[in-house]
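Have a look at coords.pdb; it's PDB, C-alpha atoms, pLDDT in the B column:
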ATOM      1  CA  MET A  14     -17.113 -24.757 -39.912  1.00 48.00           C
ATOM      2  CA  MET A  15     -16.655 -27.427 -37.218  1.00 48.00           C
ATOM      3  CA  THR A  16     -13.213 -26.067 -36.271  1.00 47.00           C
ATOM      4  CA  SER A  17     -14.494 -22.563 -35.468  1.00 46.00           C
ATOM      5  CA  LEU A  18     -16.511 -23.743 -32.448  1.00 46.00           C
ATOM      6  CA  PRO A  19     -13.510 -25.040 -30.476  1.00 49.00           C
ATOM      7  CA  ILE A  20     -11.520 -21.926 -31.349  1.00 43.00           C
ATOM      8  CA  ARG A  21     -14.300 -19.652 -30.072  1.00 44.00           C
ATOM      9  CA  ARG A  22     -14.496 -21.698 -26.889  1.00 46.00           C
ATOM     10  CA  PHE A  23     -10.820 -20.932 -26.157  1.00 42.00           C
ATOM     11  CA  VAL A  24     -10.497 -17.431 -27.613  1.00 41.00           C
ATOM     12  CA  ALA A  25     -13.241 -15.776 -25.546  1.00 43.00           C
ATOM     13  CA  PRO A  26     -11.836 -16.893 -22.150  1.00 43.00           C
ATOM     14  CA  ALA A  27      -8.318 -16.008 -23.288  1.00 42.00           C
ATOM     15  CA  LEU A  28      -9.424 -12.499 -24.242  1.00 40.00           C
ATOM     16  CA  LEU A  29     -11.134 -12.060 -20.858  1.00 41.00           C
ATOM     17  CA  MET A  30      -7.979 -13.166 -19.050  1.00 43.00           C
ATOM     18  CA  LEU A  31      -5.862 -10.803 -21.150  1.00 40.00           C
ATOM     19  CA  ALA A  32      -8.169  -7.871 -20.336  1.00 41.00           C
ATOM     20  CA  ALA A  33      -8.056  -8.675 -16.610  1.00 39.00           C
ATOM     21  CA  CYS A  34      -4.269  -8.933 -16.610  1.00 38.00           C
ATOM     22  CA  SER A  35      -3.854  -5.645 -18.470  1.00 36.00           C
ATOM     23  CA  ASN A  36      -5.936  -3.854 -15.812  1.00 38.00           C
ATOM     24  CA  VAL A  37      -3.752  -5.287 -13.059  1.00 35.00           C
ATOM     25  CA  ALA A  38      -0.579  -4.378 -14.896  1.00 31.00           C
ATOM     26  CA  GLN A  39      -1.565  -0.730 -15.281  1.00 45.00           C
ATOM     27  CA  ALA A  40       0.320   1.082 -12.528  1.00 75.00           C
ATOM     28  CA  ALA A  41      -0.255   4.593 -11.272  1.00 89.00           C
ATOM     29  CA  THR A  42       1.868   7.280 -12.898  1.00 94.00           C
ATOM     30  CA  TYR A  43       3.954   9.550 -10.665  1.00 97.00           C
ATOM     31  CA  GLN A  44       4.530  13.090 -11.999  1.00 98.00           C
ATOM     32  CA  MET A  45       6.535  15.430  -9.758  1.00 98.00           C
ATOM     33  CA  PHE A  46       6.877  19.193 -10.199  1.00 98.00           C
ATOM     34  CA  ARG A  47       9.810  20.806  -8.414  1.00 96.00           C
ATOM     35  CA  ASP A  48      11.849  23.969  -8.257  1.00 93.00           C
ATOM     36  CA  PRO A  49      15.297  23.697  -9.891  1.00 93.00           C
ATOM     37  CA  ASN A  50      17.017  24.955  -6.723  1.00 90.00           C
ATOM     38  CA  CYS A  51      15.500  22.529  -4.206  1.00 89.00           C
ATOM     39  CA  GLY A  52      17.604  19.585  -3.036  1.00 87.00           C
ATOM     40  CA  CYS A  53      15.141  18.092  -0.570  1.00 92.00           C
ATOM     41  CA  CYS A  54      12.708  17.437  -3.430  1.00 93.00           C
ATOM     42  CA  GLU A  55      15.146  14.934  -4.933  1.00 94.00           C
ATOM     43  CA  LEU A  56      15.642  13.247  -1.548  1.00 95.00           C
ATOM     44  CA  TRP A  57      11.870  12.910  -1.140  1.00 97.00           C
ATOM     45  CA  ALA A  58      11.521  11.566  -4.700  1.00 96.00           C
ATOM     46  CA  ASP A  59      14.190   8.943  -3.906  1.00 96.00           C
ATOM     47  CA  HIS A  60      12.143   7.913  -0.846  1.00 97.00           C
ATOM     48  CA  VAL A  61       9.001   7.487  -2.986  1.00 97.00           C
ATOM     49  CA  ARG A  62      10.890   5.648  -5.753  1.00 96.00           C
ATOM     50  CA  THR A  63      12.324   3.195  -3.242  1.00 96.00           C
ATOM     51  CA  GLU A  64       9.209   2.622  -1.131  1.00 96.00           C
ATOM     52  CA  ALA A  65       6.696   2.518  -4.000  1.00 94.00           C
ATOM     53  CA  GLU A  66       9.116   0.735  -6.329  1.00 94.00           C
ATOM     54  CA  THR A  67       8.125   3.076  -9.131  1.00 95.00           C
ATOM     55  CA  GLU A  68       9.506   5.547 -11.616  1.00 96.00           C
ATOM     56  CA  ILE A  69       8.839   9.257 -11.249  1.00 97.00           C
ATOM     57  CA  THR A  70       8.647  11.708 -14.119  1.00 96.00           C
ATOM     58  CA  GLU A  71       9.990  15.086 -13.032  1.00 96.00           C
ATOM     59  CA  THR A  72       9.137  18.521 -14.366  1.00 97.00           C
ATOM     60  CA  VAL A  73      11.445  21.290 -13.199  1.00 96.00           C
ATOM     61  CA  THR A  74       9.807  24.725 -13.050  1.00 96.00           C
ATOM     62  CA  SER A  75      10.419  28.018 -11.308  1.00 94.00           C
ATOM     63  CA  ASP A  76       6.686  28.776 -11.149  1.00 96.00           C
ATOM     64  CA  MET A  77       5.583  26.311  -8.476  1.00 97.00           C
ATOM     65  CA  GLY A  78       2.804  28.657  -7.323  1.00 97.00           C
ATOM     66  CA  ALA A  79       1.074  28.237 -10.683  1.00 98.00           C
ATOM     67  CA  ILE A  80       1.369  24.448 -10.456  1.00 98.00           C
ATOM     68  CA  LYS A  81      -0.098  24.343  -6.935  1.00 98.00           C
ATOM     69  CA  THR A  82      -2.910  26.699  -7.882  1.00 98.00           C
ATOM     70  CA  SER A  83      -3.758  24.741 -11.029  1.00 97.00           C
ATOM     71  CA  TYR A  84      -4.075  21.517  -9.018  1.00 98.00           C
ATOM     72  CA  GLY A  85      -6.170  23.169  -6.296  1.00 97.00           C
ATOM     73  CA  VAL A  86      -3.727  22.890  -3.395  1.00 98.00           C
ATOM     74  CA  PRO A  87      -4.937  25.228  -0.621  1.00 98.00           C
ATOM     75  CA  GLN A  88      -2.247  27.860  -0.027  1.00 97.00           C
ATOM     76  CA  GLU A  89      -1.954  27.062   3.699  1.00 98.00           C
ATOM     77  CA  LEU A  90      -0.859  23.521   2.724  1.00 98.00           C
ATOM     78  CA  TRP A  91       1.865  24.503   0.256  1.00 97.00           C
ATOM     79  CA  SER A  92       5.322  22.995   0.487  1.00 95.00           C
ATOM     80  CA  CYS A  93       8.265  22.841  -1.916  1.00 93.00           C
ATOM     81  CA  HIS A  94       7.126  20.225  -4.468  1.00 97.00           C
ATOM     82  CA  THR A  95       3.894  18.854  -5.904  1.00 98.00           C
ATOM     83  CA  MET A  96       3.222  15.396  -7.308  1.00 98.00           C
ATOM     84  CA  VAL A  97       0.259  13.982  -9.192  1.00 98.00           C
ATOM     85  CA  VAL A  98      -0.349  10.267  -8.708  1.00 98.00           C
ATOM     86  CA  ASP A  99      -3.259   8.559 -10.435  1.00 97.00           C
ATOM     87  CA  GLY A 100      -5.275  11.791 -10.341  1.00 96.00           C
ATOM     88  CA  TYR A 101      -4.443  12.629  -6.702  1.00 98.00           C
ATOM     89  CA  VAL A 102      -2.316  15.618  -5.702  1.00 98.00           C
ATOM     90  CA  ILE A 103       0.533  15.004  -3.252  1.00 98.00           C
ATOM     91  CA  GLU A 104       1.941  18.200  -1.763  1.00 98.00           C
ATOM     92  CA  GLY A 105       5.233  18.255   0.105  1.00 98.00           C
ATOM     93  CA  HIS A 106       6.970  15.585   2.143  1.00 98.00           C
ATOM     94  CA  VAL A 107       4.150  13.019   2.358  1.00 98.00           C
ATOM     95  CA  PRO A 108       5.499   9.575   3.358  1.00 98.00           C
ATOM     96  CA  ALA A 109       5.177   6.949   0.615  1.00 98.00           C
ATOM     97  CA  GLU A 110       3.157   4.708   2.942  1.00 98.00           C
ATOM     98  CA  GLN A 111       0.438   7.369   3.097  1.00 98.00           C
ATOM     99  CA  ILE A 112       0.382   7.703  -0.701  1.00 98.00           C
ATOM    100  CA  ALA A 113      -0.078   3.922  -0.930  1.00 97.00           C
ATOM    101  CA  ARG A 114      -2.875   4.100   1.651  1.00 98.00           C
ATOM    102  CA  LEU A 115      -4.614   6.876  -0.327  1.00 98.00           C
ATOM    103  CA  LEU A 116      -4.415   4.843  -3.536  1.00 97.00           C
ATOM    104  CA  ALA A 117      -5.751   1.738  -1.758  1.00 97.00           C
ATOM    105  CA  GLU A 118      -8.599   3.436   0.140  1.00 98.00           C
ATOM    106  CA  ARG A 119      -9.552   6.165  -2.377  1.00 98.00           C
ATOM    107  CA  PRO A 120     -11.628   8.127   0.156  1.00 97.00           C
ATOM    108  CA  GLU A 121     -14.609   9.981  -1.267  1.00 96.00           C
ATOM    109  CA  GLY A 122     -14.169  13.725  -1.696  1.00 97.00           C
ATOM    110  CA  VAL A 123     -10.376  13.677  -1.161  1.00 98.00           C
ATOM    111  CA  ARG A 124      -8.349  15.364  -3.914  1.00 98.00           C
ATOM    112  CA  GLY A 125      -4.962  14.870  -2.316  1.00 98.00           C
ATOM    113  CA  LEU A 126      -2.600  14.774   0.649  1.00 98.00           C
ATOM    114  CA  ALA A 127      -0.240  17.431   1.978  1.00 98.00           C
ATOM    115  CA  VAL A 128       2.492  17.891   4.535  1.00 98.00           C
ATOM    116  CA  PRO A 129       2.634  21.686   4.869  1.00 97.00           C
ATOM    117  CA  GLY A 130       6.045  23.305   5.145  1.00 94.00           C
ATOM    118  CA  MET A 131       9.163  21.211   5.468  1.00 95.00           C
ATOM    119  CA  PRO A 132       9.106  19.463   8.881  1.00 97.00           C
ATOM    120  CA  LEU A 133      12.365  17.957  10.125  1.00 96.00           C
ATOM    121  CA  GLY A 134      12.300  14.173  10.072  1.00 96.00           C
ATOM    122  CA  SER A 135       9.766  13.877   7.256  1.00 97.00           C
ATOM    123  CA  PRO A 136      10.965  11.954   4.164  1.00 97.00           C
ATOM    124  CA  GLY A 137      13.556  14.075   2.372  1.00 96.00           C
ATOM    125  CA  MET A 138      14.036  16.291   5.427  1.00 96.00           C
ATOM    126  CA  GLU A 139      16.048  13.883   7.579  1.00 95.00           C
ATOM    127  CA  MET A 140      18.538  15.679   9.825  1.00 93.00           C
ATOM    128  CA  GLY A 141      20.091  12.914  11.922  1.00 92.00           C
ATOM    129  CA  ASP A 142      17.952  12.344  14.989  1.00 91.00           C
ATOM    130  CA  ARG A 143      16.355  15.811  14.814  1.00 93.00           C
ATOM    131  CA  THR A 144      12.626  15.547  14.174  1.00 93.00           C
ATOM    132  CA  GLN A 145       9.469  17.491  14.748  1.00 96.00           C
ATOM    133  CA  PRO A 146       5.884  16.240  14.854  1.00 97.00           C
ATOM    134  CA  TYR A 147       3.860  16.712  11.687  1.00 98.00           C
ATOM    135  CA  GLN A 148       0.563  15.738  10.136  1.00 98.00           C
ATOM    136  CA  VAL A 149      -0.467  14.481   6.729  1.00 98.00           C
ATOM    137  CA  ILE A 150      -3.567  16.460   5.758  1.00 98.00           C
ATOM    138  CA  ALA A 151      -6.215  15.165   3.340  1.00 98.00           C
ATOM    139  CA  PHE A 152      -7.871  17.924   1.316  1.00 98.00           C
ATOM    140  CA  GLY A 153     -10.596  18.165  -1.281  1.00 98.00           C
ATOM    141  CA  ASP A 154     -14.336  18.570  -1.658  1.00 95.00           C
ATOM    142  CA  VAL A 155     -14.834  17.495   1.965  1.00 91.00           C
ATOM    143  CA  GLY A 156     -12.518  20.213   3.294  1.00 97.00           C
ATOM    144  CA  GLN A 157      -9.394  19.277   5.260  1.00 98.00           C
ATOM    145  CA  SER A 158      -8.781  16.542   7.800  1.00 98.00           C
ATOM    146  CA  VAL A 159      -5.855  14.758   9.431  1.00 98.00           C
ATOM    147  CA  PHE A 160      -5.000  11.645   7.414  1.00 98.00           C
ATOM    148  CA  ALA A 161      -1.998  10.602   9.561  1.00 98.00           C
ATOM    149  CA  ASN A 162       0.043  11.855  12.524  1.00 98.00           C
ATOM    150  CA  TYR A 163       3.801  11.546  12.914  1.00 97.00           C
ATOM    151  CA  GLU A 164       5.186  12.223  16.389  1.00 91.00           C
TER     152      GLU A 164
END
Encoding of this model in structure tokens:
Amino acid sequence: MMTSLPIRRFVAPALLMLAACSNVAQAATYQMFRDPNCGCCELWADHVRTEAETEITETVTSDMGAIKTSYGVPQELWSCHTMVVDGYVIEGHVPAEQIARLLAERPEGVRGLAVPGMPLGSPGMEMGDRTQPYQVIAFGDVGQSVFANYE
């Protein structure tokens, strides 16, 4: 009976440390939906893989409209691919740094981020030195707002 006291004294703190470490180790999952005929989607996914140092699970589907609708992406924000990261929806060519910012800040009422269309110079849409300004739009319960500007 005397030996159980020292064991309890060490087991409880060890279990607390293990629980804390397992929460830290749990990384966000990245699930991308893309059309089978789109090459820029793969280039964008490579950008996210490299910058976020993560793996991406890809689902190839010809019915991207159904995916976007099911995740509540407003039609005026649609682009060529949709990703779900830790419960957030990422639509189009959103830079990885803005995804990281979203995951760090977790703004209230925001369901996701979008870069509408396919602007030149956005990740996955690089065309040499040709670029066009674009915005990253936050959307959700609070409506839509500019999350970041790229000139």
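One finds atom CA of Ile112 of chain A at 8.8 Å from atom CA of Ala65 of chain A.
Using only C-alpha atoms, the protein and nucleic acid residues lying no more than 7 Å from Met96 of chain A, apart from those fewer than 2 places from it along its own chain, are Tyr43, Gln44, Met45, Phe46, His94, Val98, Val102, Ile103 and Glu104 of chain A.
Nearest-residue note for Val86 of chain A: choosing from A:Leu133, A:Ala117, A:Ala127, A:Val107, the minimum distance belongs to A:Ala127, counting only C-alpha atoms.
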Answer as a PDB file with C-alpha atoms, in the frame of the given file, residues within 9 Å of (5.5, 20.4, 8.7) using all atoms listed in the file:
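Contents of the output file result-v2.pdb:
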ATOM      1  CA  SER A  92       5.322  22.995   0.487  1.00 95.00           C
ATOM      2  CA  GLY A 105       5.233  18.255   0.105  1.00 98.00           C
ATOM      3  CA  HIS A 106       6.970  15.585   2.143  1.00 98.00           C
ATOM      4  CA  VAL A 128       2.492  17.891   4.535  1.00 98.00           C
ATOM      5  CA  PRO A 129       2.634  21.686   4.869  1.00 97.00           C
ATOM      6  CA  GLY A 130       6.045  23.305   5.145  1.00 94.00           C
ATOM      7  CA  MET A 131       9.163  21.211   5.468  1.00 95.00           C
ATOM      8  CA  PRO A 132       9.106  19.463   8.881  1.00 97.00           C
ATOM      9  CA  LEU A 133      12.365  17.957  10.125  1.00 96.00           C
ATOM     10  CA  SER A 135       9.766  13.877   7.256  1.00 97.00           C
ATOM     11  CA  GLN A 145       9.469  17.491  14.748  1.00 96.00           C
ATOM     12  CA  PRO A 146       5.884  16.240  14.854  1.00 97.00           C
ATOM     13  CA  TYR A 147       3.860  16.712  11.687  1.00 98.00           C
ATOM     14  CA  GLN A 148       0.563  15.738  10.136  1.00 98.00           C
ATOM     15  CA  VAL A 149      -0.467  14.481   6.729  1.00 98.00           C
TER      16      VAL A 149
END
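Atom CA of Asp48 of chain A is found 8.6 Å from atom CA of Thr72 of chain A.
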Neighbours of point (-2.0, 7.2, -12.1) within 8 Å, using only C-alpha atoms, written as a PyMOL selection string: chain A and resi 40-43+97-100
Using only C-alpha atoms, please write the residues we just selected to a file, as a PDB file, in the frame of the given file.
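Written file, result-v8.pdb:
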ATOM      1  CA  ALA A  40       0.320   1.082 -12.528  1.00 75.00           C
ATOM      2  CA  ALA A  41      -0.255   4.593 -11.272  1.00 89.00           C
ATOM      3  CA  THR A  42       1.868   7.280 -12.898  1.00 94.00           C
ATOM      4  CA  TYR A  43       3.954   9.550 -10.665  1.00 97.00           C
ATOM      5  CA  VAL A  97       0.259  13.982  -9.192  1.00 98.00           C
ATOM      6  CA  VAL A  98      -0.349  10.267  -8.708  1.00 98.00           C
ATOM      7  CA  ASP A  99      -3.259   8.559 -10.435  1.00 97.00           C
ATOM      8  CA  GLY A 100      -5.275  11.791 -10.341  1.00 96.00           C
TER       9      GLY A 100
END
Spatial neighbours of Val61 of chain A, 10 Å, all atoms listed in the file, chain gap at least 2 places, as a ChimeraX atom specification: /A:43,55-59,63-69,106-110,112-113,136-137
